Each structure stands twice: as C-alpha cells, then as structure tokens.
Protein chains: 2
Amino acid sequence: MAGRHLTPEQLRHIAERFKALAEPSRLDILHALKGGERTVSDILEATGLGQANASKHLQVLYALGFVQRRKDGASTYYKLADADVLRLCALMCGRLEKETAARSKVFR
Amino acid sequence: MAGRHLTPEQLRHIAERFKALAEPSRLDILHALKGGERTVSDILEATGLGQANASKHLQVLYALGFVQRRKDGASTYYKLADADVLRLCALMCGRLEKETAARSKVFR
DNA sequence: TTACGGTATAACTATATAGTAATATATGTG
DNA sequence: CACATATATTACTATATAGTTATACCGTAA
C-alpha cells in the first residue's frame with residue numbers, strides 16, 4: 001500500500017476523512033459514543049451541542065463511515081462503526097502526551 | 001486513558017492535530033518524506049506546490065511535531081518526526097480501502 | 001384529525017485558512 | 001562588494017464551514 005504515487009483524488013479522500021476528526025465537537029460526539037449506542041438527545045445532553053449543529057456533525061460522521069445509525073420510532077440511535085476511530089484517537093492522544101511530557105521536562 | 005471527561009481544551013488540541021493531516025497538500029508533503037530527509041526544493045519538485053505555500057504547510061507540520069528539520073547551508077532538510085504519521089495514514093487508508101471494496105461489491 | 005416530541009434540513013453569518021504575489025532574510029559565490 | 005539561490009514571511013483574496021435560527025419531516029399519542 002502507498003507505493004509510489006498518490007493521486008490528487010486519493011489525497012483528497014484521505015484528507016476529507018481526517019477533516020471529519022479535525023473538529024472538537026465531532027471528537028466530543030465520538031467520545032460520547034464510546035459507551036455504546038446513544039440517541040441524538042443523549043448526545044445533545046452529553047456534549048452540550050445545539051440540536052441542529054449536532055445533527056449536521058452526525059451526518060458528516062455518518063457519510064464518512066465513522067458511525068452507524070438505526071431508527072427506532074421517533075429516535076435515531078448512533079454508534080461507532082468500528083474500532084478504527086478509537087485507534088486513531090489513541091494514536092493522536094499518545095502524540096499529545098509525549099509532547100506534554102517533553103515540555104514539562106524542559107520547564108521543570 | 002480517555003476515562004470520563006475530555007475538556008474543551010483537550011478536544012481542541014486533538015482536533016488541531018487531526019486538522020494538520022486534513023489537507024491534501026500536507027499529506028502529499030508527508031508522503032514525499034517517506035523516503036527520508038528532503039530539502040524544501042525536493043518537496044516542491046515532488047509535490048508541485050508553490051514555494052510560499054509549501055513553506056507555510058511545513059511550518060504547520062513542524063509546529064505540531066509531525067516533522068523535524070535541520071539547516072545545512074542555505075537549505076533546510078525536513079524529515080518525518082516518527083512513525084506515528086505513517087500509522088495514522090495507514091489506518092485511514094485502510095478505512096478507505098474497506099469502503100471501496102464494499103462499494104465495488106454492491107455495484108458488481 | 002390535531003398536537004407534540006425527536007430529528008433533519010435550509011438559509012444565513014462569521015470565522016478560518018489555502019493559495020498566491022511580493023518581499024524579506026540568510027547563505028553562498030564571483 | 002554585487003549577485004544568485006534557498007527558504008521564510010507578509011498581505012491579500014477566495015472558499016469552506018461551524019454555529020444559529022427557523023422550518024420541515026416523521027412517529028406517536030390523545
């Protein structure tokens with residue numbers, strides 16, 4: 001994988017997916033889904049986001065395959081699509097922790 | 001890690017780092033650095049980016065710790081800071097490949 | 001049917017930033 | 001010294017999008 005060339009289209013597709021994770025509100029939503037399936041109302045309460053705003057963010061996450069959804073009556077239940085999101089975030093958090101550790105060493 | 005709460009500041013920091021990877025041009029630069037240390041001129045040639053544009057992107061990647069740099073004479077050499085970038089991109093590319101595979105099944 | 005709760009969508013504003021052109025800052029080289 | 005080469009920075013424009021308000025849609029209960 002990723003041999004010589006990456007076409008502009010491939011680069012755009014990968015960037016588009018990283019961009020879905022590049023918003024604090026969407027990360028907050030994903031974090032709220034770590035415990036399992038949740039309704040939109042649950043997510044609103046957990047994150048404090050506005051209803052319309054959260055709905056838009058959920059559409060983005062759904063369109064790019066980061067969450068799955070299921071309708072039951074008037075409610076929509078969302079959940080993480082797979083473990084990749086957690087792996088991605090864990091990697092990024094690890095980087096952040098390393099930075100913080102390095103910084104605190106310097107300033108101690 | 002990532003127990004109960006994530007503060008708004010933590011979410012911003014993580015999102016900021018994903019955002020660095022959320023641009024096709026920056027992914028192209030990182031891809032160009034897979035082979036090892038390269039000068040800015042090398043990167044311009046590999047990516048076709050404008051000089052000022054590439055320089056700005058490199059500052060972003062450097063500020064967030066994705067690349068390291070070293071000056072030698074009039075040139076600046078950049079390289080990947082660690083293997084995390086490759087791991088992150090590999091995970092994201094894997095997701096993309098799964099999607100493509102699923103789509104081609106449907107349309108076949 | 002009407003009314004209501006839960007969710008999605010449209011229209012809008014404000015902000016962030018990618019890309020470019022021009023300029024600045026070094027660092028050689030003659 | 002003057003001049004060229006390599007990189008960084010500034011100022012600007014155009015575009016994308018996060019958040020909000022208002023509204024539409026869909027189930028369900030009375």
# chains A, B, ... in the order shown; residues from 1 in each chain; ligands from 1
call {"tool": "residues_around", "arguments": {"residues": "range 6-8 of chain C", "least_positions_apart": "4", "cutoff": "9 Å", "atoms": "only C-alpha atoms (C1' of nucleotides)", "output": "ChimeraX atom specification"}}
result
/A:40-41,51-52,55-56,74-76 /D:24-27
call {"tool": "interface_residues", "arguments": {"of": "chain B", "to": "chain A", "cutoff": "10 Å", "atoms": "only C-alpha atoms", "output": "PyMOL selection string"}}
result
chain B and resi 1-28+31-32+34+64-66+82+84-85+87-96+99
call {"tool": "write_last_selection", "arguments": {"atoms": "N, CA and C atoms", "output": "tab-separated table (two decimals), in the first residue's frame"}}
result
chain	number	residue	atom	x	y	z
B	1	MET	N	-6.55	5.27	29.45
B	1	MET	CA	-6.56	6.69	29.01
B	1	MET	C	-7.93	7.07	28.44
B	2	ALA	N	-8.20	8.34	28.44
B	2	ALA	CA	-9.51	8.82	27.98
B	2	ALA	C	-10.65	8.22	28.80
B	3	GLY	N	-10.62	8.48	30.10
B	3	GLY	CA	-11.59	7.90	31.00
B	3	GLY	C	-12.96	8.52	30.83
B	4	ARG	N	-13.30	9.48	31.68
B	4	ARG	CA	-14.64	10.05	31.62
B	4	ARG	C	-14.68	11.32	30.77
B	5	HIS	N	-14.05	12.34	31.28
B	5	HIS	CA	-14.21	13.66	30.67
B	5	HIS	C	-13.06	13.97	29.72
B	6	LEU	N	-13.39	14.71	28.68
B	6	LEU	CA	-12.37	15.36	27.87
B	6	LEU	C	-12.69	16.84	27.92
B	7	THR	N	-11.78	17.63	28.36
B	7	THR	CA	-12.02	19.07	28.45
B	7	THR	C	-12.06	19.68	27.06
B	8	PRO	N	-12.74	20.82	26.91
B	8	PRO	CA	-12.75	21.52	25.63
B	8	PRO	C	-11.34	21.79	25.12
B	9	GLU	N	-10.45	22.08	26.04
B	9	GLU	CA	-9.07	22.36	25.60
B	9	GLU	C	-8.41	21.11	25.04
B	10	GLN	N	-8.62	19.97	25.69
B	10	GLN	CA	-8.06	18.73	25.17
B	10	GLN	C	-8.63	18.40	23.80
B	11	LEU	N	-9.95	18.59	23.67
B	11	LEU	CA	-10.58	18.32	22.37
B	11	LEU	C	-9.99	19.23	21.29
B	12	ARG	N	-9.78	20.47	21.64
B	12	ARG	CA	-9.19	21.40	20.66
B	12	ARG	C	-7.80	20.96	20.24
B	13	HIS	N	-7.01	20.52	21.21
B	13	HIS	CA	-5.64	20.11	20.89
B	13	HIS	C	-5.62	18.90	19.97
B	14	ILE	N	-6.48	17.94	20.26
B	14	ILE	CA	-6.52	16.73	19.42
B	14	ILE	C	-7.02	17.10	18.02
B	15	ALA	N	-8.08	17.90	17.98
B	15	ALA	CA	-8.64	18.31	16.69
B	15	ALA	C	-7.61	19.07	15.87
B	16	GLU	N	-6.85	19.91	16.53
B	16	GLU	CA	-5.84	20.71	15.84
B	16	GLU	C	-4.83	19.81	15.14
B	17	ARG	N	-4.49	18.69	15.79
B	17	ARG	CA	-3.51	17.78	15.20
B	17	ARG	C	-4.12	16.99	14.04
B	18	PHE	N	-5.37	16.60	14.17
B	18	PHE	CA	-6.03	15.95	13.02
B	18	PHE	C	-6.13	16.93	11.86
B	19	LYS	N	-6.36	18.19	12.19
B	19	LYS	CA	-6.51	19.18	11.12
B	19	LYS	C	-5.23	19.32	10.30
B	20	ALA	N	-4.09	19.12	10.97
B	20	ALA	CA	-2.82	19.19	10.25
B	20	ALA	C	-2.76	18.11	9.16
B	21	LEU	N	-3.46	17.01	9.39
B	21	LEU	CA	-3.46	15.91	8.40
B	21	LEU	C	-4.66	15.99	7.48
B	22	ALA	N	-5.45	17.03	7.63
B	22	ALA	CA	-6.73	17.13	6.91
B	22	ALA	C	-6.59	17.98	5.65
B	23	GLU	N	-5.39	18.07	5.10
B	23	GLU	CA	-5.16	18.82	3.87
B	23	GLU	C	-4.38	17.98	2.88
B	24	PRO	N	-4.92	17.85	1.65
B	24	PRO	CA	-4.24	17.05	0.64
B	24	PRO	C	-2.78	17.47	0.45
B	25	SER	N	-2.52	18.76	0.46
B	25	SER	CA	-1.15	19.21	0.22
B	25	SER	C	-0.20	18.74	1.30
B	26	ARG	N	-0.67	18.80	2.55
B	26	ARG	CA	0.21	18.37	3.64
B	26	ARG	C	0.42	16.86	3.62
B	27	LEU	N	-0.63	16.11	3.26
B	27	LEU	CA	-0.46	14.66	3.13
B	27	LEU	C	0.54	14.35	2.02
B	28	ASP	N	0.48	15.14	0.97
B	28	ASP	CA	1.40	14.93	-0.15
B	28	ASP	C	2.84	15.17	0.32
B	31	HIS	N	3.95	12.31	2.42
B	31	HIS	CA	4.22	11.16	1.56
B	31	HIS	C	5.58	11.30	0.89
B	32	ALA	N	5.90	12.53	0.51
B	32	ALA	CA	7.19	12.77	-0.13
B	32	ALA	C	8.35	12.54	0.83
B	34	LYS	N	8.44	10.12	3.02
B	34	LYS	CA	8.53	8.71	3.41
B	34	LYS	C	9.90	8.12	3.07
B	64	LEU	N	3.44	21.31	14.94
B	64	LEU	CA	2.67	20.27	15.61
B	64	LEU	C	3.46	18.98	15.77
B	65	GLY	N	4.75	19.03	15.42
B	65	GLY	CA	5.61	17.90	15.73
B	65	GLY	C	5.54	16.74	14.77
B	66	PHE	N	4.99	16.94	13.58
B	66	PHE	CA	4.93	15.83	12.62
B	66	PHE	C	6.21	15.68	11.83
B	82	ASP	N	8.46	10.83	13.39
B	82	ASP	CA	8.37	9.48	13.93
B	82	ASP	C	7.45	8.65	13.05
B	84	ASP	N	4.44	7.61	13.78
B	84	ASP	CA	3.01	7.78	14.05
B	84	ASP	C	2.26	8.26	12.81
B	85	VAL	N	2.85	9.19	12.07
B	85	VAL	CA	2.19	9.69	10.88
B	85	VAL	C	1.84	8.55	9.94
B	87	ARG	N	1.49	5.44	10.67
B	87	ARG	CA	0.46	4.59	11.27
B	87	ARG	C	-0.92	5.23	11.09
B	88	LEU	N	-1.01	6.53	11.36
B	88	LEU	CA	-2.28	7.24	11.22
B	88	LEU	C	-2.80	7.14	9.79
B	89	CYS	N	-1.92	7.40	8.84
B	89	CYS	CA	-2.33	7.36	7.44
B	89	CYS	C	-2.68	5.95	7.00
B	90	ALA	N	-1.93	4.98	7.53
B	90	ALA	CA	-2.22	3.59	7.16
B	90	ALA	C	-3.61	3.21	7.66
B	91	LEU	N	-3.95	3.62	8.87
B	91	LEU	CA	-5.28	3.33	9.40
B	91	LEU	C	-6.35	3.96	8.53
B	92	MET	N	-6.13	5.23	8.18
B	92	MET	CA	-7.14	5.94	7.40
B	92	MET	C	-7.26	5.35	6.00
B	93	CYS	N	-6.14	5.00	5.41
B	93	CYS	CA	-6.17	4.39	4.08
B	93	CYS	C	-6.88	3.04	4.15
B	94	GLY	N	-6.66	2.31	5.21
B	94	GLY	CA	-7.34	1.03	5.38
B	94	GLY	C	-8.85	1.21	5.37
B	95	ARG	N	-9.32	2.23	6.07
B	95	ARG	CA	-10.75	2.51	6.09
B	95	ARG	C	-11.26	2.76	4.68
B	96	LEU	N	-10.49	3.57	3.96
B	96	LEU	CA	-10.87	3.94	2.60
B	96	LEU	C	-10.95	2.71	1.71
B	99	GLU	N	-14.06	0.72	2.38
B	99	GLU	CA	-15.21	1.37	1.74
B	99	GLU	C	-15.26	1.04	0.26
call {"tool": "select_by_dssp", "arguments": {"residues": "range 35-96 of chain A", "states": "strand (DSSP E or B)", "output": "tab-separated table (two decimals) with N, CA and C atoms, in the first residue's frame"}}
result
chain	number	residue	atom	x	y	z
A	38	ARG	N	-26.25	5.50	21.35
A	38	ARG	CA	-26.89	6.63	22.01
A	38	ARG	C	-27.85	7.31	21.05
A	39	THR	N	-28.93	7.89	21.57
A	39	THR	CA	-29.81	8.69	20.72
A	39	THR	C	-29.21	10.08	20.54
A	67	VAL	N	-19.64	6.46	11.97
A	67	VAL	CA	-20.71	5.98	12.85
A	67	VAL	C	-21.77	5.25	12.02
A	68	GLN	N	-22.49	4.37	12.69
A	68	GLN	CA	-23.65	3.71	12.08
A	68	GLN	C	-24.89	4.25	12.78
A	69	ARG	N	-26.07	4.08	12.14
A	69	ARG	CA	-27.27	4.56	12.79
A	69	ARG	C	-28.45	3.65	12.51
A	70	ARG	N	-29.47	3.80	13.35
A	70	ARG	CA	-30.63	2.93	13.29
A	70	ARG	C	-31.78	3.75	13.86
A	71	LYS	N	-32.90	3.69	13.16
A	71	LYS	CA	-34.06	4.45	13.63
A	71	LYS	C	-34.98	3.53	14.41
A	72	ASP	N	-35.47	4.02	15.52
A	72	ASP	CA	-36.45	3.27	16.31
A	72	ASP	C	-37.50	4.27	16.76
A	75	SER	N	-36.90	8.18	17.42
A	75	SER	CA	-35.50	8.42	17.78
A	75	SER	C	-34.55	7.79	16.78
A	76	THR	N	-33.33	8.33	16.70
A	76	THR	CA	-32.27	7.74	15.91
A	76	THR	C	-31.12	7.38	16.85
A	77	TYR	N	-30.70	6.13	16.77
A	77	TYR	CA	-29.59	5.67	17.60
A	77	TYR	C	-28.32	5.63	16.78
A	78	TYR	N	-27.27	6.24	17.30
A	78	TYR	CA	-25.96	6.24	16.64
A	78	TYR	C	-24.97	5.42	17.47
A	79	LYS	N	-24.01	4.79	16.76
A	79	LYS	CA	-22.91	4.12	17.47
A	79	LYS	C	-21.65	4.17	16.61
A	80	LEU	N	-20.50	3.94	17.23
A	80	LEU	CA	-19.24	3.90	16.49
A	80	LEU	C	-19.30	2.75	15.48
call {"tool": "interface_residues", "arguments": {"of": "chain D", "to": "chain A", "cutoff": "10 Å", "atoms": "only C-alpha atoms (C1' of nucleotides)", "output": "ChimeraX atom specification"}}
result
/D:18-21,26-28
call {"tool": "write_last_selection", "arguments": {"atoms": "C-alpha atoms (C1' of nucleotides)", "output": "CSV table (one decimal), in the first residue's frame"}}
result
chain,number,residue,atom,x,y,z
D,18,DA,C1',-19.1,25.8,12.3
D,19,DG,C1',-22.8,27.6,14.7
D,20,DT,C1',-27.5,29.6,14.9
D,21,DT,C1',-32.5,30.4,13.8
D,26,DC,C1',-41.8,11.8,10.8
D,27,DG,C1',-43.7,9.0,14.6
D,28,DT,C1',-46.8,8.6,18.3
call {"tool": "interface_residues", "arguments": {"of": "chain C", "to": "chain B", "cutoff": "8 Å", "atoms": "only C-alpha atoms (C1' of nucleotides)", "output": "JSON, numbers by chain"}}
result
{"C": [19, 26, 27, 28]}
call {"tool": "write_last_selection", "arguments": {"atoms": "N, CA and C atoms (P, O5', C5', C4', C3', O3' and C1' of nucleotides)", "output": "mmCIF file, in the first residue's frame"}}
result
data_model
loop_
_atom_site.group_PDB
_atom_site.id
_atom_site.type_symbol
_atom_site.label_atom_id
_atom_site.label_comp_id
_atom_site.auth_asym_id
_atom_site.auth_seq_id
_atom_site.Cartn_x
_atom_site.Cartn_y
_atom_site.Cartn_z
ATOM 1 P P DG C 19 -3.632 24.507 -0.944
ATOM 2 O "O5'" DG C 19 -3.385 25.838 -1.787
ATOM 3 C "C5'" DG C 19 -4.387 26.241 -2.700
ATOM 4 C "C4'" DG C 19 -4.084 27.637 -3.211
ATOM 5 C "C3'" DG C 19 -2.675 27.817 -3.780
ATOM 6 O "O3'" DG C 19 -2.777 28.230 -5.139
ATOM 7 C "C1'" DG C 19 -3.241 29.592 -2.297
ATOM 8 P P DA C 26 18.110 36.832 9.307
ATOM 9 O "O5'" DA C 26 19.591 36.991 8.661
ATOM 10 C "C5'" DA C 26 19.835 36.531 7.376
ATOM 11 C "C4'" DA C 26 19.787 35.000 7.282
ATOM 12 C "C3'" DA C 26 21.131 34.340 7.171
ATOM 13 O "O3'" DA C 26 21.095 32.994 7.633
ATOM 14 C "C1'" DA C 26 20.001 34.277 5.073
ATOM 15 P P DT C 27 22.553 32.333 8.028
ATOM 16 O "O5'" DT C 27 23.146 31.799 6.647
ATOM 17 C "C5'" DT C 27 22.522 30.712 6.016
ATOM 18 C "C4'" DT C 27 23.089 30.487 4.615
ATOM 19 C "C3'" DT C 27 24.631 30.491 4.555
ATOM 20 O "O3'" DT C 27 25.034 29.293 3.942
ATOM 21 C "C1'" DT C 27 23.721 31.812 2.840
ATOM 22 P P DG C 28 26.495 28.765 3.937
ATOM 23 O "O5'" DG C 28 27.279 29.923 3.180
ATOM 24 C "C5'" DG C 28 28.205 29.643 2.157
ATOM 25 C "C4'" DG C 28 27.541 29.284 0.837
ATOM 26 C "C3'" DG C 28 28.512 29.398 -0.337
ATOM 27 O "O3'" DG C 28 28.291 28.378 -1.304
ATOM 28 C "C1'" DG C 28 26.778 31.024 -0.555
#
call {"tool": "atom_distance", "arguments": {"atom1": "CA of Glu97 in chain B", "atom2": "CA of Ala63 in chain A"}}
result
15.4 Å
call {"tool": "atom_distance", "arguments": {"atom1": "C1' of DA14 in chain D", "atom2": "CA of Ile29 in chain B"}}
result
23.5 Å
call {"tool": "atom_distance", "arguments": {"atom1": "CA of Thr100 in chain A", "atom2": "CA of Ala83 in chain B"}}
result
18.3 Å
call {"tool": "residues_around", "arguments": {"residues": "range 16-18 of chain C", "least_positions_apart": "5", "cutoff": "9 Å", "atoms": "only C-alpha atoms (C1' of nucleotides)", "output": "ChimeraX atom specification"}}
result
/B:53 /D:15-17
call {"tool": "select_by_dssp", "arguments": {"residues": "range 37-108 of chain A", "states": "helix (DSSP H, G or I)", "output": "PDB file with C-alpha atoms, in the first residue's frame"}}
result
ATOM      1  CA  VAL A  40     -29.328  12.190  19.377  1.00  0.00           C
ATOM      2  CA  SER A  41     -30.906  13.506  22.570  1.00  0.00           C
ATOM      3  CA  ASP A  42     -28.368  11.593  24.651  1.00  0.00           C
ATOM      4  CA  ILE A  43     -25.599  13.132  22.573  1.00  0.00           C
ATOM      5  CA  LEU A  44     -27.016  16.619  22.995  1.00  0.00           C
ATOM      6  CA  GLU A  45     -27.002  16.162  26.744  1.00  0.00           C
ATOM      7  CA  ALA A  46     -23.519  14.661  26.835  1.00  0.00           C
ATOM      8  CA  THR A  47     -21.919  17.296  24.639  1.00  0.00           C
ATOM      9  CA  GLN A  51     -29.611  20.248  18.137  1.00  0.00           C
ATOM     10  CA  ALA A  52     -29.155  21.425  14.559  1.00  0.00           C
ATOM     11  CA  ASN A  53     -25.409  21.619  14.949  1.00  0.00           C
ATOM     12  CA  ALA A  54     -25.101  18.118  16.377  1.00  0.00           C
ATOM     13  CA  SER A  55     -27.337  16.735  13.649  1.00  0.00           C
ATOM     14  CA  LYS A  56     -25.079  18.208  10.988  1.00  0.00           C
ATOM     15  CA  HIS A  57     -21.985  16.798  12.642  1.00  0.00           C
ATOM     16  CA  LEU A  58     -23.633  13.388  12.837  1.00  0.00           C
ATOM     17  CA  GLN A  59     -24.399  13.490   9.124  1.00  0.00           C
ATOM     18  CA  VAL A  60     -20.738  14.165   8.411  1.00  0.00           C
ATOM     19  CA  LEU A  61     -19.572  11.294  10.621  1.00  0.00           C
ATOM     20  CA  TYR A  62     -22.178   9.012   9.072  1.00  0.00           C
ATOM     21  CA  ALA A  63     -21.407   9.962   5.489  1.00  0.00           C
ATOM     22  CA  ASP A  84     -10.606   2.432  13.959  1.00  0.00           C
ATOM     23  CA  VAL A  85     -11.813   5.725  15.394  1.00  0.00           C
ATOM     24  CA  LEU A  86     -10.588   4.735  18.833  1.00  0.00           C
ATOM     25  CA  ARG A  87      -7.259   3.614  17.413  1.00  0.00           C
ATOM     26  CA  LEU A  88      -6.837   6.872  15.503  1.00  0.00           C
ATOM     27  CA  CYS A  89      -7.648   8.954  18.552  1.00  0.00           C
ATOM     28  CA  ALA A  90      -5.440   6.840  20.780  1.00  0.00           C
ATOM     29  CA  LEU A  91      -2.515   7.398  18.439  1.00  0.00           C
ATOM     30  CA  MET A  92      -3.110  11.135  18.337  1.00  0.00           C
ATOM     31  CA  CYS A  93      -3.579  11.363  22.096  1.00  0.00           C
ATOM     32  CA  GLY A  94      -0.344   9.456  22.539  1.00  0.00           C
ATOM     33  CA  ARG A  95       1.480  12.063  20.477  1.00  0.00           C
ATOM     34  CA  LEU A  96      -0.041  14.800  22.579  1.00  0.00           C
ATOM     35  CA  GLU A  97       1.007  13.109  25.806  1.00  0.00           C
ATOM     36  CA  LYS A  98       4.565  12.730  24.551  1.00  0.00           C
ATOM     37  CA  GLU A  99       4.660  16.444  23.743  1.00  0.00           C
ATOM     38  CA  THR A 100       3.319  17.381  27.133  1.00  0.00           C
ATOM     39  CA  ALA A 101       5.822  15.113  28.843  1.00  0.00           C
ATOM     40  CA  ALA A 102       8.687  16.610  26.843  1.00  0.00           C
ATOM     41  CA  ARG A 103       7.520  20.134  27.638  1.00  0.00           C
ATOM     42  CA  SER A 104       7.210  19.520  31.359  1.00  0.00           C
ATOM     43  CA  LYS A 105      10.741  18.121  31.377  1.00  0.00           C
ATOM     44  CA  VAL A 106      12.071  21.312  29.821  1.00  0.00           C
ATOM     45  CA  PHE A 107      10.200  23.587  32.183  1.00  0.00           C
TER      46      PHE A 107
END
